>>> print(open('query-v1.txt').read())   # compact mmCIF, C-alpha atoms and all ligand atoms
# COMPACT_ATOMS: atom_id res chain seq x y z
CA MET A 1 -52.93 40.27 3.38
CA ASN A 2 -56.00 40.03 5.56
CA GLU A 3 -57.56 42.41 8.03
CA MET A 4 -60.18 42.44 10.78
CA TYR A 5 -61.77 44.72 13.33
CA LEU A 6 -63.49 43.80 16.54
CA LYS A 7 -65.16 46.12 19.04
CA PHE A 8 -66.28 44.70 22.36
CA LEU A 9 -67.25 45.83 25.86
CA SER A 10 -64.67 45.95 28.63
CA ARG A 11 -65.98 42.89 30.44
CA SER A 12 -63.51 40.32 31.66
CA GLU A 13 -65.50 37.48 30.07
CA ASN A 14 -64.52 38.98 26.70
CA GLU A 15 -60.84 38.29 27.33
CA ILE A 16 -61.02 34.63 26.40
CA PHE A 17 -63.09 35.58 23.37
CA ALA A 18 -60.58 38.23 22.22
CA ARG A 19 -57.49 36.03 22.53
CA ASN A 20 -59.17 33.12 20.78
CA VAL A 21 -60.37 35.35 17.93
CA VAL A 22 -56.82 36.57 17.34
CA ALA A 23 -55.48 33.01 17.47
CA ALA A 24 -58.08 31.88 14.92
CA PHE A 25 -57.31 34.84 12.69
CA ALA A 26 -53.59 33.98 12.78
CA LEU A 27 -54.06 30.31 11.84
CA PRO A 28 -53.56 30.74 8.06
CA LEU A 29 -50.00 31.92 8.83
CA ASN A 30 -49.25 28.44 10.20
CA PRO A 31 -48.00 29.50 13.61
CA THR A 32 -46.45 26.92 15.92
CA LEU A 33 -48.33 26.19 19.15
CA ASP A 34 -45.69 28.13 21.06
CA GLU A 35 -46.09 31.17 18.82
CA LEU A 36 -49.86 31.01 19.12
CA SER A 37 -49.61 30.80 22.87
CA ASP A 38 -47.32 33.86 22.95
CA VAL A 39 -49.85 35.83 20.91
CA LYS A 40 -52.78 34.76 23.08
CA THR A 41 -50.95 35.73 26.24
CA ALA A 42 -49.93 39.13 24.84
CA VAL A 43 -53.51 39.85 23.69
CA SER A 44 -54.83 38.83 27.09
CA GLU A 45 -52.38 41.23 28.78
CA ALA A 46 -53.38 44.18 26.62
CA VAL A 47 -57.12 43.52 26.97
CA THR A 48 -56.84 43.03 30.75
CA ASN A 49 -55.05 46.37 30.99
CA CYS A 50 -57.87 48.13 29.10
CA ILE A 51 -60.41 46.60 31.51
CA VAL A 52 -58.64 46.99 34.86
CA HIS A 53 -56.64 50.18 34.26
CA GLY A 54 -58.20 51.93 31.27
CA TYR A 55 -61.81 51.65 32.41
CA ARG A 56 -61.26 50.61 36.05
CA GLY A 57 -64.33 48.40 36.14
CA SER A 58 -66.65 50.85 34.39
CA GLU A 59 -67.88 49.85 30.96
CA GLY A 60 -66.30 51.11 27.76
CA TRP A 61 -65.36 49.92 24.30
CA ILE A 62 -62.20 48.07 23.44
CA LEU A 63 -61.09 48.08 19.84
CA LEU A 64 -59.04 45.22 18.44
CA LYS A 65 -57.53 45.41 14.96
CA CYS A 66 -55.51 42.68 13.31
CA LYS A 67 -53.68 42.55 10.02
CA THR A 68 -51.57 39.88 8.40
CA GLU A 69 -48.70 40.84 6.15
CA GLY A 70 -46.38 38.14 4.84
CA ASP A 71 -45.39 36.09 7.87
CA PHE A 72 -46.30 38.96 10.25
CA LEU A 73 -49.39 39.41 12.37
CA HIS A 74 -49.97 43.02 13.44
CA ILE A 75 -52.28 43.70 16.38
CA GLU A 76 -53.63 46.97 17.73
CA ILE A 77 -55.62 47.06 20.98
CA SER A 78 -57.02 50.34 22.25
CA ASP A 79 -59.32 51.87 24.84
CA ASP A 80 -60.71 55.36 25.45
CA GLY A 81 -60.08 55.14 29.18
CA ARG A 82 -57.89 56.97 31.69
CA GLY A 83 -54.64 56.71 29.78
CA ILE A 84 -51.11 56.57 31.20
CA GLU A 85 -49.30 59.61 32.64
CA ASP A 86 -45.78 58.25 32.29
CA VAL A 87 -45.48 55.50 29.69
CA GLU A 88 -41.78 54.88 30.29
CA GLN A 89 -42.40 54.25 33.98
CA ALA A 90 -45.37 51.98 33.18
CA LEU A 91 -43.09 49.81 31.02
CA THR A 92 -40.70 49.15 33.91
CA PRO A 93 -40.89 45.48 35.00
CA PHE A 94 -42.88 45.08 38.26
CA TYR A 95 -44.24 48.63 38.10
CA THR A 96 -47.95 48.68 38.87
CA THR A 97 -50.40 51.35 40.02
CA LEU A 98 -52.65 48.66 41.54
CA PRO A 99 -50.44 46.65 43.95
CA ASP A 100 -53.37 46.21 46.36
CA GLU A 101 -55.33 44.30 43.74
CA GLU A 102 -52.68 41.62 43.36
CA ARG A 103 -51.20 43.08 40.19
CA SER A 104 -47.60 42.14 39.56
CA GLY A 105 -46.63 44.80 37.01
CA MET A 106 -45.53 42.17 34.48
CA GLY A 107 -48.09 42.74 31.71
CA PHE A 108 -46.07 45.07 29.50
CA THR A 109 -42.89 43.05 30.10
CA ILE A 110 -44.69 39.90 28.93
CA MET A 111 -46.01 41.66 25.80
CA GLN A 112 -42.52 42.94 24.99
CA THR A 113 -40.88 39.58 25.55
CA PHE A 114 -43.44 37.47 23.70
CA MET A 115 -43.90 39.65 20.62
CA THR A 116 -41.49 40.59 17.83
CA ALA A 117 -42.37 44.29 18.01
CA PHE A 118 -44.22 46.34 20.61
CA SER A 119 -45.15 49.97 21.25
CA VAL A 120 -47.59 51.93 23.43
CA GLN A 121 -49.16 55.26 22.77
CA SER A 122 -51.15 56.88 25.56
CA GLU A 123 -52.39 60.18 26.82
CA ALA A 124 -53.78 60.79 30.31
CA GLY A 125 -57.55 61.16 30.13
CA LYS A 126 -57.73 60.10 26.48
CA GLY A 127 -56.90 56.43 26.30
CA THR A 128 -54.24 53.92 25.40
CA LYS A 129 -53.23 52.11 22.24
CA VAL A 130 -50.90 49.10 22.20
CA ARG A 131 -49.40 47.98 18.91
CA MET A 132 -47.62 44.68 18.65
CA SER A 133 -46.46 42.34 15.92
CA LYS A 134 -45.43 38.74 15.78
CA GLN A 135 -43.34 37.22 13.04
CA PHE A 136 -44.19 33.56 12.63
CA GLY A 137 -41.42 31.17 11.77
CA ALA A 138 -38.82 33.65 13.03
CA LYS A 139 -37.35 31.09 15.40
CA ALA A 140 -37.25 28.35 12.75
CA THR A 141 -35.38 30.70 10.40
CA GLU A 142 -32.94 31.53 13.18
CA ASP A 143 -32.37 27.87 14.08
CA ALA A 144 -31.73 26.97 10.45
CA ARG A 145 -28.88 29.49 10.26
CA MET B 1 -61.59 27.40 36.20
CA ARG B 2 -61.79 24.80 38.96
CA THR B 3 -59.96 24.65 42.26
CA GLN B 4 -59.68 21.45 44.26
CA SER B 5 -57.69 20.79 47.37
CA ALA B 6 -56.45 17.81 49.33
CA ARG B 7 -54.30 17.24 52.39
CA MET B 8 -51.50 14.76 52.51
CA GLY B 9 -49.53 14.67 55.73
CA ASP B 10 -48.46 18.21 56.49
CA SER B 11 -48.92 19.33 52.88
CA LEU B 12 -51.89 21.13 51.39
CA TYR B 13 -52.30 20.38 47.66
CA ILE B 14 -54.24 22.87 45.53
CA TYR B 15 -55.10 21.71 42.01
CA LEU B 16 -56.01 24.41 39.50
CA THR B 17 -57.78 23.50 36.27
CA GLY B 18 -58.80 25.76 33.38
CA GLU B 19 -57.83 29.22 32.13
CA LEU B 20 -56.54 31.58 34.80
CA ASP B 21 -57.21 35.20 33.84
CA GLU B 22 -59.00 38.33 35.06
CA CYS B 23 -62.37 36.68 34.47
CA THR B 24 -61.70 33.56 36.52
CA VAL B 25 -59.26 34.80 39.15
CA SER B 26 -61.67 36.01 41.83
CA ARG B 27 -63.30 32.60 42.18
CA ALA B 28 -59.92 30.83 42.20
CA ARG B 29 -58.73 33.29 44.85
CA GLU B 30 -61.75 32.64 47.06
CA GLU B 31 -61.50 28.86 46.75
CA ALA B 32 -57.74 28.73 47.28
CA ASP B 33 -57.99 31.04 50.29
CA ASN B 34 -60.74 28.90 51.81
CA ALA B 35 -58.54 25.83 51.44
CA ILE B 36 -55.61 27.67 53.03
CA ASP B 37 -57.75 28.88 55.93
CA ARG B 38 -58.85 25.29 56.60
CA SER B 39 -55.32 23.88 56.46
CA THR B 40 -54.24 24.42 60.06
CA GLY B 41 -51.36 22.15 60.88
CA CYS B 42 -49.95 22.10 57.36
CA SER B 43 -46.46 23.47 56.90
CA ARG B 44 -46.57 23.92 53.13
CA ALA B 45 -48.91 24.39 50.19
CA ILE B 46 -48.26 22.89 46.77
CA PHE B 47 -50.07 24.42 43.83
CA ASN B 48 -50.46 21.86 41.06
CA LEU B 49 -50.73 23.70 37.73
CA ALA B 50 -50.98 20.67 35.43
CA GLY B 51 -54.55 21.58 34.48
CA VAL B 52 -53.89 25.26 33.79
CA ARG B 53 -54.29 25.58 30.02
CA PHE B 54 -53.81 29.34 29.96
CA MET B 55 -52.38 31.89 32.33
CA ASP B 56 -51.36 35.54 32.05
CA SER B 57 -49.92 38.09 34.50
CA THR B 58 -53.20 38.01 36.43
CA GLY B 59 -52.18 34.46 37.36
CA ILE B 60 -48.78 35.70 38.55
CA GLY B 61 -50.54 38.24 40.78
CA PHE B 62 -52.81 35.47 42.06
CA LEU B 63 -49.86 33.23 42.98
CA ILE B 64 -47.94 36.04 44.69
CA GLY B 65 -51.10 36.96 46.62
CA ARG B 66 -51.45 33.38 47.89
CA TYR B 67 -47.73 33.33 48.72
CA LYS B 68 -48.21 36.38 50.95
CA LYS B 69 -51.22 34.84 52.64
CA LEU B 70 -49.34 31.59 53.28
CA GLN B 71 -46.45 33.56 54.71
CA ARG B 72 -48.79 34.98 57.36
CA TYR B 73 -49.58 31.37 58.34
CA GLY B 74 -45.89 30.52 58.33
CA MET B 75 -46.41 28.13 55.42
CA ARG B 76 -44.09 27.63 52.47
CA MET B 77 -45.39 27.53 48.91
CA TYR B 78 -44.36 25.37 45.95
CA LEU B 79 -45.44 24.98 42.34
CA GLU B 80 -45.81 21.71 40.51
CA ASN B 81 -46.27 20.63 36.89
CA PRO B 82 -46.82 23.91 35.02
CA ASN B 83 -47.21 23.37 31.28
CA PRO B 84 -44.46 24.91 29.09
CA ASP B 85 -46.52 28.06 28.43
CA ALA B 86 -47.17 28.70 32.11
CA ASP B 87 -43.56 27.84 32.86
CA LYS B 88 -42.42 30.54 30.46
CA ILE B 89 -44.22 33.39 32.24
CA LEU B 90 -43.47 31.97 35.68
CA SER B 91 -39.75 31.97 34.84
CA LEU B 92 -39.93 35.43 33.26
CA SER B 93 -41.58 36.93 36.32
CA GLY B 94 -39.12 35.35 38.73
CA VAL B 95 -41.73 33.77 41.01
CA TYR B 96 -39.77 30.53 41.31
CA SER B 97 -37.42 32.32 43.69
CA LEU B 98 -40.38 32.76 46.07
CA MET B 99 -42.16 29.50 45.35
CA PRO B 100 -39.80 26.84 43.98
CA LYS B 101 -40.90 24.37 41.35
CA LEU B 102 -40.94 20.81 42.69
N1 LIG A 201 -54.85 50.48 29.06
C1 LIG A 201 -54.33 51.13 30.12
N2 LIG A 201 -54.93 52.26 30.60
C2 LIG A 201 -54.42 52.92 31.67
N3 LIG A 201 -53.28 52.55 32.31
C3 LIG A 201 -52.65 51.45 31.88
C4 LIG A 201 -53.12 50.69 30.77
N4 LIG A 201 -52.27 49.66 30.57
C5 LIG A 201 -51.31 49.77 31.51
N5 LIG A 201 -51.52 50.85 32.30
C6 LIG A 201 -50.64 51.29 33.42
O1 LIG A 201 -49.38 50.67 33.27
C7 LIG A 201 -49.04 49.92 34.46
C8 LIG A 201 -48.23 48.71 34.07
O2 LIG A 201 -49.03 47.78 33.30
P1 LIG A 201 -48.66 46.23 33.35
O3 LIG A 201 -49.63 45.49 32.52
O4 LIG A 201 -47.21 46.07 33.00
O5 LIG A 201 -48.81 45.85 34.89
P2 LIG A 201 -50.18 45.70 35.72
O6 LIG A 201 -51.33 45.60 34.81
O7 LIG A 201 -50.21 46.77 36.76
O8 LIG A 201 -49.94 44.30 36.44
P3 LIG A 201 -50.12 42.85 35.74
O9 LIG A 201 -50.21 43.06 34.27
O10 LIG A 201 -48.90 42.09 36.12
O11 LIG A 201 -51.37 42.27 36.31
C9 LIG A 201 -50.37 49.64 35.11
O12 LIG A 201 -50.25 49.42 36.50
C10 LIG A 201 -51.18 50.90 34.79
O13 LIG A 201 -50.86 51.93 35.68
MG MG A 202 -51.38 44.33 33.18
>>> encode(input="query-v1.txt", output="structure tokens")
Amino acid sequence: MNEMYLKFLSRSENEIFARNVVAAFALPLNPTLDELSDVKTAVSEAVTNCIVHGYRGSEGWILLKCKTEGDFLHIEISDDGRGIEDVEQALTPFYTTLPDEERSGMGFTIMQTFMTAFSVQSEAGKGTKVRMSKQFGAKATEDAR
Amino acid sequence: MRTQSARMGDSLYIYLTGELDECTVSRAREEADNAIDRSTGCSRAIFNLAGVRFMDSTGIGFLIGRYKKLQRYGMRMYLENPNPDADKILSLSGVYSLMPKL
């Protein structure tokens, strides 16, 4: 088991940094390139949401926690921004509160599809926390059956 | 992120290279839109994604935004050569029904 914490400002140039840090942290679990790409995309989605929705362009802290456990990588990404009024509605594919800014409302759907486990906890005015996990080798195990 | 464009016959080709995310999208948007605005006489735009090493939902929003702009010019839009990772989120988000893959 290994663990790490990272706290960074809600600037979009930190997105590439955040997703690459998580990918590097996951390397000892021997992920396939596909699995690594899924994780990077999911991290990018969560961090983008903190920046564009949580803080809406103002500056705030984003907290990224990662933990490995067996063949699992657990990730937690949180902000102290505006939060989400109706989480269930936010999870609906194509639902976005920023259609005028060329948002497609696919972020949460991508996180759910690409990761093994996913959950969101949010309170309006307080912030949002996304938890997701990826099991590496899950597909190989399935294929072998 | 780099955007290059070329005209061939009545087709406008837009080549995207790099990582397409929230940090890089505004520049890509500006450059792609400039190319589209200069493409009078073209009937279609083909976005070549071979050089896109990374893309998230911000990229989906970017493509749909360009699709809407092209529609106002009466131009059709197509996608070409996405890598398997890009292909996965493009398929998931259903954009191929708007902009077919060549
Ligand atoms: N960290 C957050 N803070 C506040 N609101 C959020 C946060 N993350 C998501 N939301 C809300 O949930 C909605 C859905 O998020 P999702 O990522 O699925 O789509 P999007 O960000 O609007 O569009 P896309 O991800 O396709 O660019 C957002 O429009 C926003 O209203
Ligand atoms: Mg999003």
>>> closest_residue(input="query-v1.txt", among="B:Gly59, B:Gly41, B:Gly51, B:Gly65", to="ligand MG 202 (chain A)", atoms="all atoms listed in the file")
B:Gly59
>>> interface_residues(input="query-v1.txt", of="chain B", to="chain A", cutoff="8 Å", atoms="only C-alpha atoms", output="MDAnalysis selection string")
chainID B and resid 22:23 54:58 60:62 64:65 85 89 92:93
>>> closest_residue(input="query-v1.txt", among="B:Thr40, B:Glu30, B:Leu102, B:Leu20", to="ligand LIG 201 (chain A)", atoms="all atoms listed in the file")
B:Leu20
>>> closest_residue(input="query-v1.txt", among="A:Gly83, A:Pro28, A:Gly57, A:Gly125", to="ligand LIG 201 (chain A)", atoms="only C-alpha atoms and all ligand atoms")
A:Gly83
>>> residues_near_point(input="query-v1.txt", point="(-56.0, 21.8, 55.6)", cutoff="6 Å", atoms="all atoms listed in the file", output="MDAnalysis selection string")
chainID B and resid 7 12 38:40
>>> residues_around(input="query-v1.txt", residues="B:Asn48", least_positions_apart="4", cutoff="6 Å", atoms="all atoms listed in the file", output="VMD selection string")
chain B and resid 14 to 15 80
>>> build_atoms(input="query-v1.txt", residues="stretch 66-95 of chain A", atoms="N, CA and C atoms", output="PDB file, in the frame of the given file")
ATOM      1  N   CYS A  66     -56.570  43.609  13.694  1.00  0.00           N
ATOM      2  CA  CYS A  66     -55.510  42.680  13.310  1.00  0.00           C
ATOM      3  C   CYS A  66     -55.293  42.745  11.810  1.00  0.00           C
ATOM      4  N   LYS A  67     -54.049  42.530  11.429  1.00  0.00           N
ATOM      5  CA  LYS A  67     -53.680  42.550  10.020  1.00  0.00           C
ATOM      6  C   LYS A  67     -52.586  41.520   9.812  1.00  0.00           C
ATOM      7  N   THR A  68     -52.689  40.755   8.741  1.00  0.00           N
ATOM      8  CA  THR A  68     -51.570  39.880   8.400  1.00  0.00           C
ATOM      9  C   THR A  68     -50.837  40.488   7.215  1.00  0.00           C
ATOM     10  N   GLU A  69     -49.541  40.283   7.217  1.00  0.00           N
ATOM     11  CA  GLU A  69     -48.700  40.840   6.150  1.00  0.00           C
ATOM     12  C   GLU A  69     -47.496  39.925   6.022  1.00  0.00           C
ATOM     13  N   GLY A  70     -47.449  39.136   4.958  1.00  0.00           N
ATOM     14  CA  GLY A  70     -46.380  38.140   4.840  1.00  0.00           C
ATOM     15  C   GLY A  70     -46.464  37.174   6.008  1.00  0.00           C
ATOM     16  N   ASP A  71     -45.338  36.981   6.707  1.00  0.00           N
ATOM     17  CA  ASP A  71     -45.390  36.090   7.870  1.00  0.00           C
ATOM     18  C   ASP A  71     -45.582  36.879   9.178  1.00  0.00           C
ATOM     19  N   PHE A  72     -46.043  38.125   9.062  1.00  0.00           N
ATOM     20  CA  PHE A  72     -46.300  38.960  10.250  1.00  0.00           C
ATOM     21  C   PHE A  72     -47.777  39.057  10.578  1.00  0.00           C
ATOM     22  N   LEU A  73     -48.052  39.065  11.881  1.00  0.00           N
ATOM     23  CA  LEU A  73     -49.390  39.410  12.370  1.00  0.00           C
ATOM     24  C   LEU A  73     -49.239  40.721  13.147  1.00  0.00           C
ATOM     25  N   HIS A  74     -49.988  41.745  12.724  1.00  0.00           N
ATOM     26  CA  HIS A  74     -49.970  43.020  13.440  1.00  0.00           C
ATOM     27  C   HIS A  74     -51.248  43.158  14.247  1.00  0.00           C
ATOM     28  N   ILE A  75     -51.114  43.581  15.484  1.00  0.00           N
ATOM     29  CA  ILE A  75     -52.280  43.700  16.380  1.00  0.00           C
ATOM     30  C   ILE A  75     -52.296  45.094  17.003  1.00  0.00           C
ATOM     31  N   GLU A  76     -53.472  45.680  17.051  1.00  0.00           N
ATOM     32  CA  GLU A  76     -53.630  46.970  17.730  1.00  0.00           C
ATOM     33  C   GLU A  76     -54.787  46.822  18.720  1.00  0.00           C
ATOM     34  N   ILE A  77     -54.565  47.174  19.969  1.00  0.00           N
ATOM     35  CA  ILE A  77     -55.620  47.060  20.980  1.00  0.00           C
ATOM     36  C   ILE A  77     -55.731  48.402  21.702  1.00  0.00           C
ATOM     37  N   SER A  78     -56.921  49.005  21.669  1.00  0.00           N
ATOM     38  CA  SER A  78     -57.020  50.340  22.250  1.00  0.00           C
ATOM     39  C   SER A  78     -58.281  50.547  23.071  1.00  0.00           C
ATOM     40  N   ASP A  79     -58.165  51.474  24.033  1.00  0.00           N
ATOM     41  CA  ASP A  79     -59.320  51.870  24.840  1.00  0.00           C
ATOM     42  C   ASP A  79     -59.397  53.395  24.870  1.00  0.00           C
ATOM     43  N   ASP A  80     -60.545  53.920  25.290  1.00  0.00           N
ATOM     44  CA  ASP A  80     -60.710  55.360  25.450  1.00  0.00           C
ATOM     45  C   ASP A  80     -60.791  55.700  26.932  1.00  0.00           C
ATOM     46  N   GLY A  81     -60.005  55.002  27.721  1.00  0.00           N
ATOM     47  CA  GLY A  81     -60.080  55.140  29.180  1.00  0.00           C
ATOM     48  C   GLY A  81     -59.148  56.213  29.728  1.00  0.00           C
ATOM     49  N   ARG A  82     -58.631  55.961  30.933  1.00  0.00           N
ATOM     50  CA  ARG A  82     -57.890  56.970  31.690  1.00  0.00           C
ATOM     51  C   ARG A  82     -56.547  57.339  31.096  1.00  0.00           C
ATOM     52  N   GLY A  83     -55.951  56.430  30.336  1.00  0.00           N
ATOM     53  CA  GLY A  83     -54.640  56.710  29.780  1.00  0.00           C
ATOM     54  C   GLY A  83     -53.528  56.587  30.811  1.00  0.00           C
ATOM     55  N   ILE A  84     -52.290  56.754  30.346  1.00  0.00           N
ATOM     56  CA  ILE A  84     -51.110  56.570  31.200  1.00  0.00           C
ATOM     57  C   ILE A  84     -50.332  57.881  31.255  1.00  0.00           C
ATOM     58  N   GLU A  85     -50.038  58.349  32.464  1.00  0.00           N
ATOM     59  CA  GLU A  85     -49.300  59.610  32.640  1.00  0.00           C
ATOM     60  C   GLU A  85     -47.864  59.472  32.128  1.00  0.00           C
ATOM     61  N   ASP A  86     -47.199  58.416  32.593  1.00  0.00           N
ATOM     62  CA  ASP A  86     -45.780  58.250  32.290  1.00  0.00           C
ATOM     63  C   ASP A  86     -45.573  56.846  31.697  1.00  0.00           C
ATOM     64  N   VAL A  87     -45.544  56.793  30.366  1.00  0.00           N
ATOM     65  CA  VAL A  87     -45.480  55.500  29.690  1.00  0.00           C
ATOM     66  C   VAL A  87     -44.171  54.773  30.015  1.00  0.00           C
ATOM     67  N   GLU A  88     -43.077  55.516  30.046  1.00  0.00           N
ATOM     68  CA  GLU A  88     -41.780  54.880  30.290  1.00  0.00           C
ATOM     69  C   GLU A  88     -41.765  54.170  31.655  1.00  0.00           C
ATOM     70  N   GLN A  89     -42.317  54.839  32.640  1.00  0.00           N
ATOM     71  CA  GLN A  89     -42.400  54.250  33.980  1.00  0.00           C
ATOM     72  C   GLN A  89     -43.304  53.006  33.968  1.00  0.00           C
ATOM     73  N   ALA A  90     -44.418  53.098  33.246  1.00  0.00           N
ATOM     74  CA  ALA A  90     -45.370  51.980  33.180  1.00  0.00           C
ATOM     75  C   ALA A  90     -44.727  50.741  32.570  1.00  0.00           C
ATOM     76  N   LEU A  91     -43.743  50.947  31.698  1.00  0.00           N
ATOM     77  CA  LEU A  91     -43.090  49.810  31.020  1.00  0.00           C
ATOM     78  C   LEU A  91     -42.065  49.116  31.912  1.00  0.00           C
ATOM     79  N   THR A  92     -41.686  49.741  33.008  1.00  0.00           N
ATOM     80  CA  THR A  92     -40.700  49.150  33.910  1.00  0.00           C
ATOM     81  C   THR A  92     -41.228  47.837  34.481  1.00  0.00           C
ATOM     82  N   PRO A  93     -40.424  46.745  34.407  1.00  0.00           N
ATOM     83  CA  PRO A  93     -40.890  45.480  35.000  1.00  0.00           C
ATOM     84  C   PRO A  93     -41.284  45.680  36.462  1.00  0.00           C
ATOM     85  N   PHE A  94     -42.354  45.060  36.881  1.00  0.00           N
ATOM     86  CA  PHE A  94     -42.880  45.080  38.260  1.00  0.00           C
ATOM     87  C   PHE A  94     -43.513  46.410  38.658  1.00  0.00           C
ATOM     88  N   TYR A  95     -43.555  47.377  37.747  1.00  0.00           N
ATOM     89  CA  TYR A  95     -44.240  48.630  38.100  1.00  0.00           C
ATOM     90  C   TYR A  95     -45.739  48.463  37.915  1.00  0.00           C
TER      91      TYR A  95
END
